[in-house]
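S.K.: Next comes model14.tsv, TSV, C-alpha atoms and all ligand atoms:
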chain	number	residue	atom	x	y	z
A	171	MET	CA	-8.98	-7.41	-18.08
A	172	ALA	CA	-7.37	-4.87	-15.75
A	173	TYR	CA	-4.20	-5.68	-13.79
A	174	ILE	CA	-6.14	-5.59	-10.52
A	175	GLU	CA	-9.79	-6.61	-10.45
A	176	PHE	CA	-11.53	-6.33	-7.09
A	177	ASN	CA	-15.00	-7.69	-7.84
A	178	ASN	CA	-17.96	-7.55	-5.48
A	179	VAL	CA	-15.83	-8.23	-2.41
A	180	THR	CA	-17.46	-8.70	0.98
A	181	LYS	CA	-15.69	-9.03	4.32
A	182	GLU	CA	-17.76	-9.78	7.37
A	183	TYR	CA	-16.33	-9.85	10.88
A	184	LYS	CA	-18.40	-11.80	13.39
A	185	THR	CA	-17.98	-11.26	17.11
A	186	GLY	CA	-20.53	-13.22	19.13
A	187	GLU	CA	-24.02	-12.22	18.01
A	188	THR	CA	-22.95	-9.13	16.10
A	189	SER	CA	-21.45	-8.94	12.66
A	190	ILE	CA	-19.76	-6.04	10.88
A	191	LYS	CA	-19.50	-5.78	7.13
A	192	ALA	CA	-16.15	-4.05	6.66
A	193	LEU	CA	-16.62	-4.54	2.91
A	194	ASP	CA	-20.06	-4.82	1.39
A	195	GLY	CA	-19.77	-5.65	-2.31
A	196	ALA	CA	-16.81	-3.37	-3.07
A	197	SER	CA	-15.60	-3.31	-6.69
A	198	PHE	CA	-12.80	-1.47	-8.44
A	199	SER	CA	-10.02	-2.08	-10.93
A	200	VAL	CA	-6.54	-0.65	-11.39
A	201	GLU	CA	-4.34	-0.80	-14.48
A	202	LYS	CA	-0.69	-1.81	-14.42
A	203	GLY	CA	1.66	1.06	-13.56
A	204	GLU	CA	-1.07	3.30	-12.20
A	205	LEU	CA	-0.97	5.27	-8.99
A	206	ALA	CA	-4.37	4.77	-7.37
A	207	VAL	CA	-5.42	6.89	-4.41
A	208	ILE	CA	-8.01	5.38	-2.06
A	209	LEU	CA	-10.04	7.94	-0.15
A	210	GLY	CA	-12.77	7.51	2.45
A	211	SER	CA	-13.70	8.35	5.98
A	212	SER	CA	-12.64	6.31	8.99
A	213	GLY	CA	-14.21	2.85	9.01
A	214	ALA	CA	-15.11	2.94	5.31
A	215	GLY	CA	-13.20	-0.30	4.62
A	216	LYS	CA	-10.02	1.04	2.99
A	217	THR	CA	-7.52	-0.90	5.13
A	218	THR	CA	-9.59	-4.06	4.90
A	219	ALA	CA	-9.55	-3.81	1.09
A	220	LEU	CA	-5.77	-3.22	1.02
A	221	ASN	CA	-5.10	-6.07	3.43
A	222	ILE	CA	-7.15	-8.45	1.30
A	223	LEU	CA	-5.42	-7.28	-1.86
A	224	GLY	CA	-2.06	-7.84	-0.13
A	225	GLY	CA	-2.97	-11.37	0.95
A	226	MET	CA	-2.91	-10.44	4.65
A	227	ASP	CA	-6.62	-11.12	5.07
A	228	VAL	CA	-9.14	-13.20	3.15
A	229	PRO	CA	-12.55	-12.09	1.87
A	230	THR	CA	-15.87	-13.59	2.94
A	231	ALA	CA	-17.00	-13.48	-0.70
A	232	GLY	CA	-15.87	-12.01	-4.00
A	233	GLU	CA	-13.12	-12.25	-6.55
A	234	ILE	CA	-9.72	-10.53	-6.39
A	235	LYS	CA	-7.65	-10.88	-9.54
A	236	VAL	CA	-4.07	-9.68	-9.65
A	237	ASP	CA	-2.24	-10.11	-12.95
A	238	GLY	CA	-4.91	-12.60	-14.06
A	239	ARG	CA	-4.87	-14.80	-10.94
A	240	ASP	CA	-7.71	-14.98	-8.42
A	241	ILE	CA	-5.93	-14.62	-5.08
A	242	ALA	CA	-9.23	-15.23	-3.23
A	243	LYS	CA	-8.81	-18.87	-4.25
A	244	TYR	CA	-5.24	-19.15	-2.92
A	245	ASN	CA	-4.54	-21.52	-0.04
A	246	LYS	CA	-2.41	-20.41	2.93
A	247	LYS	CA	0.86	-21.50	1.35
A	248	GLN	CA	0.09	-19.71	-1.91
A	249	LEU	CA	-0.83	-16.57	0.04
A	250	VAL	CA	2.50	-16.64	1.89
A	251	GLY	CA	4.34	-16.86	-1.43
A	252	TYR	CA	2.20	-14.09	-2.92
A	253	ARG	CA	2.82	-11.76	0.05
A	254	ARG	CA	6.52	-12.54	-0.01
A	255	THR	CA	7.23	-12.03	-3.70
A	256	ASP	CA	4.48	-9.91	-5.23
A	257	ILE	CA	3.62	-7.32	-2.59
A	258	GLY	CA	5.49	-4.43	-1.02
A	259	PHE	CA	3.83	-2.84	2.01
A	260	VAL	CA	4.37	0.62	3.43
A	261	PHE	CA	2.61	1.31	6.71
A	262	GLN	CA	1.98	4.45	8.73
A	263	PHE	CA	4.42	3.35	11.44
A	264	TYR	CA	7.33	2.01	9.32
A	265	ASN	CA	7.59	-1.37	11.16
A	266	LEU	CA	11.38	-1.58	10.88
A	267	VAL	CA	13.33	-4.13	12.93
A	268	PRO	CA	14.93	-1.94	15.63
A	269	ASN	CA	18.14	-3.90	16.14
A	270	LEU	CA	18.99	-4.07	12.44
A	271	THR	CA	20.60	-1.21	10.50
A	272	ALA	CA	18.83	0.45	7.58
A	273	ILE	CA	20.60	-1.71	5.03
A	274	GLU	CA	20.04	-4.89	7.07
A	275	ASN	CA	16.32	-4.09	7.23
A	276	VAL	CA	16.22	-3.82	3.43
A	277	GLU	CA	18.36	-6.94	2.94
A	278	LEU	CA	16.14	-8.96	5.26
A	279	ALA	CA	13.13	-8.37	3.02
A	280	ALA	CA	15.10	-8.85	-0.19
A	281	GLN	CA	16.56	-12.18	0.97
A	282	VAL	CA	13.19	-13.95	0.89
A	283	CYS	CA	12.45	-13.00	-2.74
A	284	ARG	CA	13.67	-14.54	-5.96
A	285	ASN	CA	13.99	-11.40	-8.09
A	286	SER	CA	15.02	-8.97	-5.40
A	287	LEU	CA	17.00	-5.82	-6.13
A	288	ASP	CA	20.20	-4.62	-4.50
A	289	ALA	CA	19.57	-3.23	-1.00
A	290	GLY	CA	22.29	-0.58	-1.24
A	291	GLU	CA	20.93	0.66	-4.57
A	292	MET	CA	17.43	0.90	-3.11
A	293	LEU	CA	18.71	3.02	-0.21
A	294	THR	CA	20.51	5.26	-2.72
A	295	LYS	CA	17.25	5.58	-4.67
A	296	VAL	CA	15.39	6.82	-1.60
A	297	GLY	CA	18.22	9.27	-0.78
A	298	LEU	CA	19.71	7.42	2.19
A	299	ALA	CA	23.01	6.07	0.84
A	300	ASP	CA	24.96	7.81	3.60
A	301	ARG	CA	22.68	6.56	6.40
A	302	LYS	CA	22.68	2.87	5.54
A	303	ASN	CA	24.55	1.82	8.67
A	304	ASN	CA	22.27	3.71	11.04
A	305	PHE	CA	19.73	1.94	13.23
A	306	PRO	CA	16.05	3.03	12.98
A	307	ALA	CA	16.27	4.91	16.31
A	308	GLN	CA	19.03	7.09	14.81
A	309	LEU	CA	16.79	8.12	11.89
A	310	SER	CA	13.95	10.66	11.72
A	311	GLY	CA	10.40	9.53	10.99
A	312	GLY	CA	10.71	10.56	7.34
A	313	GLU	CA	14.03	8.73	7.00
A	314	GLN	CA	12.56	5.60	8.59
A	315	GLN	CA	9.69	5.77	6.13
A	316	ARG	CA	12.25	6.02	3.30
A	317	VAL	CA	13.90	2.84	4.60
A	318	SER	CA	10.53	1.13	4.67
A	319	ILE	CA	9.91	2.18	1.05
A	320	ALA	CA	13.39	0.91	0.08
A	321	ARG	CA	12.54	-2.35	1.85
A	322	ALA	CA	9.26	-2.64	-0.04
A	323	ILE	CA	10.68	-1.89	-3.50
A	324	ALA	CA	13.77	-4.08	-2.98
A	325	LYS	CA	11.41	-7.02	-3.32
A	326	ASN	CA	10.71	-5.86	-6.88
A	327	PRO	CA	7.00	-6.25	-6.15
A	328	LYS	CA	4.06	-6.24	-8.54
A	329	LEU	CA	2.15	-3.98	-6.19
A	330	LEU	CA	3.20	-1.38	-3.68
A	331	LEU	CA	0.46	-1.01	-1.07
A	332	CYS	CA	0.68	2.05	1.17
A	333	ASP	CA	-1.65	2.56	4.13
A	334	GLU	CA	-1.53	6.19	5.33
A	335	PRO	CA	2.24	6.37	4.69
A	336	THR	CA	2.42	10.03	5.74
A	337	GLY	CA	0.02	9.79	8.66
A	338	ALA	CA	2.80	10.21	11.24
A	339	LEU	CA	4.86	12.81	9.36
A	340	ASP	CA	4.84	16.60	9.21
A	341	TYR	CA	3.69	18.45	6.09
A	342	ASN	CA	7.03	18.81	4.27
A	343	THR	CA	8.35	15.38	5.19
A	344	GLY	CA	5.02	13.85	4.15
A	345	LYS	CA	5.22	15.66	0.84
A	346	GLN	CA	8.72	14.28	0.17
A	347	ILE	CA	7.50	10.76	0.88
A	348	LEU	CA	4.55	11.21	-1.50
A	349	GLN	CA	6.98	12.53	-4.13
A	350	LEU	CA	9.09	9.42	-3.67
A	351	LEU	CA	6.04	7.18	-4.11
A	352	GLN	CA	4.90	9.10	-7.20
A	353	ASP	CA	8.45	8.84	-8.66
A	354	THR	CA	8.60	5.12	-7.86
A	355	CYS	CA	5.38	4.60	-9.76
A	356	ARG	CA	6.43	6.74	-12.74
A	357	ASN	CA	10.08	5.72	-13.04
A	358	ASP	CA	9.97	2.06	-12.02
A	359	GLY	CA	6.54	1.21	-13.43
A	360	ILE	CA	5.34	-0.21	-10.10
A	361	THR	CA	1.58	-0.17	-9.53
A	362	VAL	CA	0.96	1.84	-6.35
A	363	LEU	CA	-2.17	1.93	-4.20
A	364	LEU	CA	-2.19	4.64	-1.57
A	365	ILE	CA	-4.72	5.06	1.23
A	366	THR	CA	-5.16	8.55	2.59
A	367	HIS	CA	-7.64	10.64	4.57
A	368	ASN	CA	-6.43	13.75	2.75
A	369	SER	CA	-8.76	14.51	-0.15
A	370	ALA	CA	-6.40	17.29	-1.32
A	371	LEU	CA	-4.17	14.49	-2.65
A	372	ALA	CA	-6.81	13.37	-5.16
A	373	PRO	CA	-5.19	15.25	-8.12
A	374	MET	CA	-1.93	13.26	-7.77
A	375	ALA	CA	-3.74	10.04	-8.70
A	376	ASP	CA	-4.10	8.36	-12.08
A	377	ARG	CA	-7.19	6.81	-10.53
A	378	LEU	CA	-9.18	7.91	-7.53
A	379	ILE	CA	-11.22	5.28	-5.66
A	380	ARG	CA	-13.62	6.52	-3.02
A	381	PHE	CA	-14.92	4.21	-0.28
A	382	LYS	CA	-18.00	4.69	1.87
A	383	SER	CA	-19.57	2.15	4.25
A	384	GLY	CA	-17.76	-0.82	2.72
A	385	LYS	CA	-18.64	0.10	-0.85
A	386	VAL	CA	-16.84	1.91	-3.64
A	387	THR	CA	-18.95	4.96	-4.38
A	388	GLU	CA	-16.81	6.71	-6.99
A	389	ILE	CA	-13.97	5.93	-9.38
A	390	THR	CA	-12.39	8.77	-11.33
A	391	CYS	CA	-9.59	8.49	-13.86
A	392	ASN	CA	-7.24	11.39	-14.38
A	393	ALA	CA	-5.28	11.60	-17.63
A	394	HIS	CA	-3.11	14.43	-16.30
A	395	PRO	CA	-2.23	13.86	-12.65
A	396	THR	CA	-0.68	16.78	-10.79
A	397	PRO	CA	2.92	16.41	-9.57
A	398	ILE	CA	2.85	16.31	-5.79
A	399	ALA	CA	5.16	19.34	-5.61
A	400	GLU	CA	2.35	21.44	-7.11
A	401	ILE	CA	-0.29	20.32	-4.60
A	402	GLU	CA	-0.81	22.40	-1.45
A	403	TRP	CA	-3.11	21.61	1.45
B	1	LIG	N1	-10.61	-7.57	12.81
B	1	LIG	C1	-11.75	-6.88	12.87
B	1	LIG	N2	-12.77	-7.30	13.66
B	1	LIG	C2	-13.94	-6.62	13.69
B	1	LIG	N3	-14.21	-5.50	12.98
B	1	LIG	C3	-13.23	-5.03	12.19
B	1	LIG	C4	-11.96	-5.68	12.10
B	1	LIG	N4	-11.20	-4.99	11.21
B	1	LIG	C5	-11.94	-3.94	10.80
B	1	LIG	N5	-13.16	-3.98	11.37
B	1	LIG	C6	-14.24	-3.01	11.15
B	1	LIG	O1	-14.48	-2.92	9.78
B	1	LIG	C7	-14.76	-1.58	9.39
B	1	LIG	C8	-13.79	-1.11	8.32
B	1	LIG	O2	-12.49	-1.00	8.89
B	1	LIG	P1	-11.21	-0.51	8.07
B	1	LIG	O3	-10.05	-0.53	9.01
B	1	LIG	O4	-11.08	-1.27	6.82
B	1	LIG	O5	-11.62	1.01	7.72
B	1	LIG	P2	-10.72	2.19	7.17
B	1	LIG	O6	-11.50	2.83	6.07
B	1	LIG	O7	-9.37	1.70	6.84
B	1	LIG	O8	-10.65	3.16	8.42
B	1	LIG	P3	-9.44	4.11	8.95
B	1	LIG	O9	-9.33	5.20	7.92
B	1	LIG	O10	-9.93	4.60	10.27
B	1	LIG	O11	-8.22	3.26	9.05
B	1	LIG	C9	-14.72	-0.75	10.67
B	1	LIG	O12	-16.02	-0.61	11.17
B	1	LIG	C10	-13.88	-1.61	11.60
B	1	LIG	O13	-14.23	-1.40	12.95
Before we go any further, please render this structure as structure tokens.

M.R.:
Amino acid sequence: MAYIEFNNVTKEYKTGETSIKALDGASFSVEKGELAVILGSSGAGKTTALNILGGMDVPTAGEIKVDGRDIAKYNKKQLVGYRRTDIGFVFQFYNLVPNLTAIENVELAAQVCRNSLDAGEMLTKVGLADRKNNFPAQLSGGEQQRVSIARAIAKNPKLLLCDEPTGALDYNTGKQILQLLQDTCRNDGITVLLITHNSALAPMADRLIRFKSGKVTEITCNAHPTPIAEIEW
């Protein structure tokens, strides 16, 4: 059994008479320690799949196994615990607490986890040791995203889920962030799932998962992923 098993998952949103199938029998798996890139056009169901995998949303039907446990069967309390301890999120717009410093933002996340890692060490890892006492407004977009990655990995999560993490960044800054995510996966053994619109990033993946109209239309495994530094777009 794979580390992540997303089996025949459906998510239907009903508003009045109309219903939208954001996911329509989507299936994929990811092995432990892999970097999986999720590609697909707008509205294909990528964010819905990631949110369900992260315990932020629940499926209408289907099975979602993470490390052998079916999280689709979790009750609300179990989902809170799962989100808190097992999942690190990185979003397009950082979502840092504005009136806390960089290190306080990382500590805040680490405090709620049992096996959390040292906040200062995580900021050093993402190259921000000398900016730890700055507030988010004093940091550039790329630096804020580094803090949000430090915050996510300080939880020592099973999965690092990244939804368009470079969507708000320029080319070079975005590339540095992708390098950091690739290094985190390689050096720390964290399983990383990364949503992007940029199909040029496909070669950086151990596994490429393509979504279309709520379904997974293609899964490709790559034995020799390309270092992000060698990818141009
Ligand atoms: N809460 C919701 N209520 C109703 N429809 C929703 C809701 N969330 C998502 N949808 C719909 O489900 C479909 C899939 O959305 P989703 O955000 O997962 O796509 P996506 O592939 O992540 O798109 P994008 O790349 O633009 O972020 C879309 O048609 C969207 O409008």

S.K.: Between A:Ala320, A:Thr217, A:Pro395, A:Gly258, single out the one closest to Glu291 (chain A), counting all atoms listed in the file.

M.R.: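 Between A:Ala320, A:Thr217, A:Pro395, A:Gly258, the residue approaching Glu291 (chain A) most closely is A:Ala320.
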
S.K.: If you count all atoms listed in the file, which residues fall within 12 Å of Ala399 (chain A), apart from same-chain ones fewer than 5 positions away, as a list in words?

M.R.: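 Neighbouring residues, sequence-local ones excluded: Tyr341, Asn342, Thr343, Gly344, Lys345, Gln346, Ile347, Leu348, Gln349, Leu350, Gln352, Asp353, Leu371, Pro373 and Met374 of chain A.
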
S.K.: Could you write out the selected residues, including C-alpha atoms, as an mmCIF file, in the coordinates of the input?

M.R.:
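again-v9.cif, freshly written:
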data_model
loop_
_atom_site.group_PDB
_atom_site.id
_atom_site.type_symbol
_atom_site.label_atom_id
_atom_site.label_comp_id
_atom_site.auth_asym_id
_atom_site.auth_seq_id
_atom_site.Cartn_x
_atom_site.Cartn_y
_atom_site.Cartn_z
ATOM 1 C CA TYR A 341 3.690 18.450 6.090
ATOM 2 C CA ASN A 342 7.030 18.810 4.270
ATOM 3 C CA THR A 343 8.350 15.380 5.190
ATOM 4 C CA GLY A 344 5.020 13.850 4.150
ATOM 5 C CA LYS A 345 5.220 15.660 0.840
ATOM 6 C CA GLN A 346 8.720 14.280 0.170
ATOM 7 C CA ILE A 347 7.500 10.760 0.880
ATOM 8 C CA LEU A 348 4.550 11.210 -1.500
ATOM 9 C CA GLN A 349 6.980 12.530 -4.130
ATOM 10 C CA LEU A 350 9.090 9.420 -3.670
ATOM 11 C CA GLN A 352 4.900 9.100 -7.200
ATOM 12 C CA ASP A 353 8.450 8.840 -8.660
ATOM 13 C CA LEU A 371 -4.170 14.490 -2.650
ATOM 14 C CA PRO A 373 -5.190 15.250 -8.120
ATOM 15 C CA MET A 374 -1.930 13.260 -7.770
#

S.K.: Around ligand LIG 1 (chain B), out to 9 Å and counting all atoms listed in the file, which residues are there? I want them as a compact mmCIF listing (two decimals) with C-alpha atoms, keeping the file's coordinate frame.

M.R.:
# COMPACT_ATOMS: atom_id res chain seq x y z
CA LYS A 181 -15.69 -9.03 4.32
CA GLU A 182 -17.76 -9.78 7.37
CA TYR A 183 -16.33 -9.85 10.88
CA LYS A 184 -18.40 -11.80 13.39
CA THR A 185 -17.98 -11.26 17.11
CA SER A 189 -21.45 -8.94 12.66
CA ILE A 190 -19.76 -6.04 10.88
CA LYS A 191 -19.50 -5.78 7.13
CA ALA A 192 -16.15 -4.05 6.66
CA LEU A 193 -16.62 -4.54 2.91
CA LEU A 209 -10.04 7.94 -0.15
CA GLY A 210 -12.77 7.51 2.45
CA SER A 211 -13.70 8.35 5.98
CA SER A 212 -12.64 6.31 8.99
CA GLY A 213 -14.21 2.85 9.01
CA ALA A 214 -15.11 2.94 5.31
CA GLY A 215 -13.20 -0.30 4.62
CA LYS A 216 -10.02 1.04 2.99
CA THR A 217 -7.52 -0.90 5.13
CA THR A 218 -9.59 -4.06 4.90
CA ALA A 219 -9.55 -3.81 1.09
CA LEU A 220 -5.77 -3.22 1.02
CA ASN A 221 -5.10 -6.07 3.43
CA ASP A 333 -1.65 2.56 4.13
CA GLU A 334 -1.53 6.19 5.33
CA ILE A 365 -4.72 5.06 1.23
CA THR A 366 -5.16 8.55 2.59
CA HIS A 367 -7.64 10.64 4.57
CA PHE A 381 -14.92 4.21 -0.28
CA LYS A 382 -18.00 4.69 1.87
CA SER A 383 -19.57 2.15 4.25
CA GLY A 384 -17.76 -0.82 2.72

S.K.: So how many Å separate CA of Lys302 (chain A) and CA of Val267 (chain A), to one decimal?

M.R.: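 Straight-line distance from CA of Lys302 (chain A) to CA of Val267 (chain A) works out to 13.8 Å.
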
S.K.: Which residue out of A:Ala289, A:Val228, A:Ala307, A:Ala196 has the minimum interatomic distance to Asn275 (chain A) when all atoms listed in the file are used?

M.R.: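 The answer is A:Ala289, which sits nearest to Asn275 (chain A).
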
S.K.: Just how far from CA of Leu351 (chain A) is CA of Leu270 (chain A), in Å to one decimal?

M.R.: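 Interatomic distance, CA of Leu270 (chain A) to CA of Leu351 (chain A): 23.8 Å.
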
S.K.: Which residue is closest to Asp358 (chain A)? Choose from A:Ala372, A:Val179, A:Leu205, A:Leu309 and count all atoms listed in the file.

M.R.: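 Using all atoms listed in the file, Asp358 (chain A) sits closest to A:Leu205.
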
S.K.: Please measure the separation of CA of Asn265 (chain A) and CA of Tyr244 (chain A), giving the value in Å to one decimal.

M.R.: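 Interatomic distance here is 26.1 Å.
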
S.K.: Looking at A:Asn269, A:Ala242, A:Thr361, A:Asn303, which one is nearest to Ala172 (chain A), with distances taken over only C-alpha atoms?

M.R.: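 Distance minimum relative to Ala172 (chain A) lands on A:Thr361.
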
S.K.: Can you pull out the residues contacting Leu249 (chain A)? Cut-off 9 Å, using all atoms listed in the file, and skip same-chain residues under 6 positions away; I want them as a ChimeraX atom specification.

M.R.: /A:224-226,241

S.K.: Store the residues picked out above in a file with C-alpha atoms, as a PDB file, in the frame of the given file.

M.R.:
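Listed below is the output, out34.pdb:
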ATOM      1  CA  GLY A 224      -2.060  -7.840  -0.130  1.00  0.00           C
ATOM      2  CA  GLY A 225      -2.970 -11.370   0.950  1.00  0.00           C
ATOM      3  CA  MET A 226      -2.910 -10.440   4.650  1.00  0.00           C
ATOM      4  CA  ILE A 241      -5.930 -14.620  -5.080  1.00  0.00           C
TER       5      ILE A 241
END

S.K.: Kindly provide, as a list in words, the polymer residues lying within 12 Å of (2.0, -1.0, -14.6), counting all atoms listed in the file and using the coordinates exactly as they appear in the file.

M.R.: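 Here the neighbourhood of the point contains Ala172, Tyr173, Ile174, Val200, Glu201, Lys202, Gly203, Glu204, Leu205, Ala206, Val236, Asp237, Pro327, Lys328, Leu329, Leu330, Thr354, Cys355, Arg356, Asn357, Asp358, Gly359, Ile360, Thr361, Val362, Leu363 and Asp376 of chain A.
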
S.K.: Select, counting all atoms listed in the file, all protein, DNA and RNA residues no farther than 8 Å from (10.3, -2.4, 0.7) in file coordinates, and express the selection as a list in words.

M.R.: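 Selection result: Gly258, Phe259, Val260, Val276, Ala279, Val317, Ser318, Ile319, Ala320, Arg321, Ala322, Ile323, Ala324 and Lys325 of chain A.
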
S.K.: Could those residues be written to a file, using C-alpha atoms, as an mmCIF file, in the coordinates of the input?

M.R.:
data_model
loop_
_atom_site.group_PDB
_atom_site.id
_atom_site.type_symbol
_atom_site.label_atom_id
_atom_site.label_comp_id
_atom_site.auth_asym_id
_atom_site.auth_seq_id
_atom_site.Cartn_x
_atom_site.Cartn_y
_atom_site.Cartn_z
ATOM 1 C CA GLY A 258 5.490 -4.430 -1.020
ATOM 2 C CA PHE A 259 3.830 -2.840 2.010
ATOM 3 C CA VAL A 260 4.370 0.620 3.430
ATOM 4 C CA VAL A 276 16.220 -3.820 3.430
ATOM 5 C CA ALA A 279 13.130 -8.370 3.020
ATOM 6 C CA VAL A 317 13.900 2.840 4.600
ATOM 7 C CA SER A 318 10.530 1.130 4.670
ATOM 8 C CA ILE A 319 9.910 2.180 1.050
ATOM 9 C CA ALA A 320 13.390 0.910 0.080
ATOM 10 C CA ARG A 321 12.540 -2.350 1.850
ATOM 11 C CA ALA A 322 9.260 -2.640 -0.040
ATOM 12 C CA ILE A 323 10.680 -1.890 -3.500
ATOM 13 C CA ALA A 324 13.770 -4.080 -2.980
ATOM 14 C CA LYS A 325 11.410 -7.020 -3.320
#

S.K.: Check the smallest atom-to-atom distance from each of A:Arg316, A:Val207, A:Thr390, A:Gly311 to Gly297 (chain A) using all atoms listed in the file, then report the winner.

M.R.: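 With all atoms listed in the file as the atom set, the closest residue is A:Arg316.
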
S.K.: Which residue out of A:Glu400, A:Glu233, A:Asp288, A:Asp240 has the minimum interatomic distance to Asn326 (chain A) when all atoms listed in the file are used?

M.R.: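 Nearest candidate to Asn326 (chain A) out of A:Glu400, A:Glu233, A:Asp288, A:Asp240: A:Asp288.
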
S.K.: What would region 177-192 of chain A look like with N, CA and C atoms restored, written as a CSV table (one decimal), in the frame of the given file?

M.R.:
chain,number,residue,atom,x,y,z
A,177,ASN,N,-13.6,-7.6,-7.4
A,177,ASN,CA,-15.0,-7.7,-7.8
A,177,ASN,C,-16.0,-8.1,-6.7
A,178,ASN,N,-16.9,-7.2,-6.4
A,178,ASN,CA,-18.0,-7.6,-5.5
A,178,ASN,C,-17.5,-8.2,-4.2
A,179,VAL,N,-16.5,-7.6,-3.6
A,179,VAL,CA,-15.8,-8.2,-2.4
A,179,VAL,C,-16.5,-7.9,-1.1
A,180,THR,N,-16.8,-8.9,-0.3
A,180,THR,CA,-17.5,-8.7,1.0
A,180,THR,C,-16.5,-9.2,2.1
A,181,LYS,N,-16.4,-8.5,3.2
A,181,LYS,CA,-15.7,-9.0,4.3
A,181,LYS,C,-16.5,-8.8,5.6
A,182,GLU,N,-16.9,-9.9,6.2
A,182,GLU,CA,-17.8,-9.8,7.4
A,182,GLU,C,-17.0,-10.3,8.6
A,183,TYR,N,-17.0,-9.4,9.6
A,183,TYR,CA,-16.3,-9.8,10.9
A,183,TYR,C,-17.4,-10.2,11.9
A,184,LYS,N,-17.4,-11.4,12.4
A,184,LYS,CA,-18.4,-11.8,13.4
A,184,LYS,C,-17.8,-11.8,14.8
A,185,THR,N,-18.4,-11.1,15.7
A,185,THR,CA,-18.0,-11.3,17.1
A,185,THR,C,-19.2,-11.6,17.9
A,186,GLY,N,-19.3,-12.8,18.4
A,186,GLY,CA,-20.5,-13.2,19.1
A,186,GLY,C,-21.8,-13.1,18.2
A,187,GLU,N,-22.8,-12.4,18.7
A,187,GLU,CA,-24.0,-12.2,18.0
A,187,GLU,C,-23.9,-11.2,16.9
A,188,THR,N,-23.0,-10.3,17.1
A,188,THR,CA,-23.0,-9.1,16.1
A,188,THR,C,-22.0,-9.4,14.9
A,189,SER,N,-22.3,-8.8,13.8
A,189,SER,CA,-21.4,-8.9,12.7
A,189,SER,C,-21.3,-7.6,12.0
A,190,ILE,N,-20.1,-7.3,11.5
A,190,ILE,CA,-19.8,-6.0,10.9
A,190,ILE,C,-19.3,-6.3,9.5
A,191,LYS,N,-19.9,-5.6,8.5
A,191,LYS,CA,-19.5,-5.8,7.1
A,191,LYS,C,-18.5,-4.7,6.8
A,192,ALA,N,-17.2,-5.0,6.9
A,192,ALA,CA,-16.2,-4.0,6.7
A,192,ALA,C,-16.1,-3.7,5.2
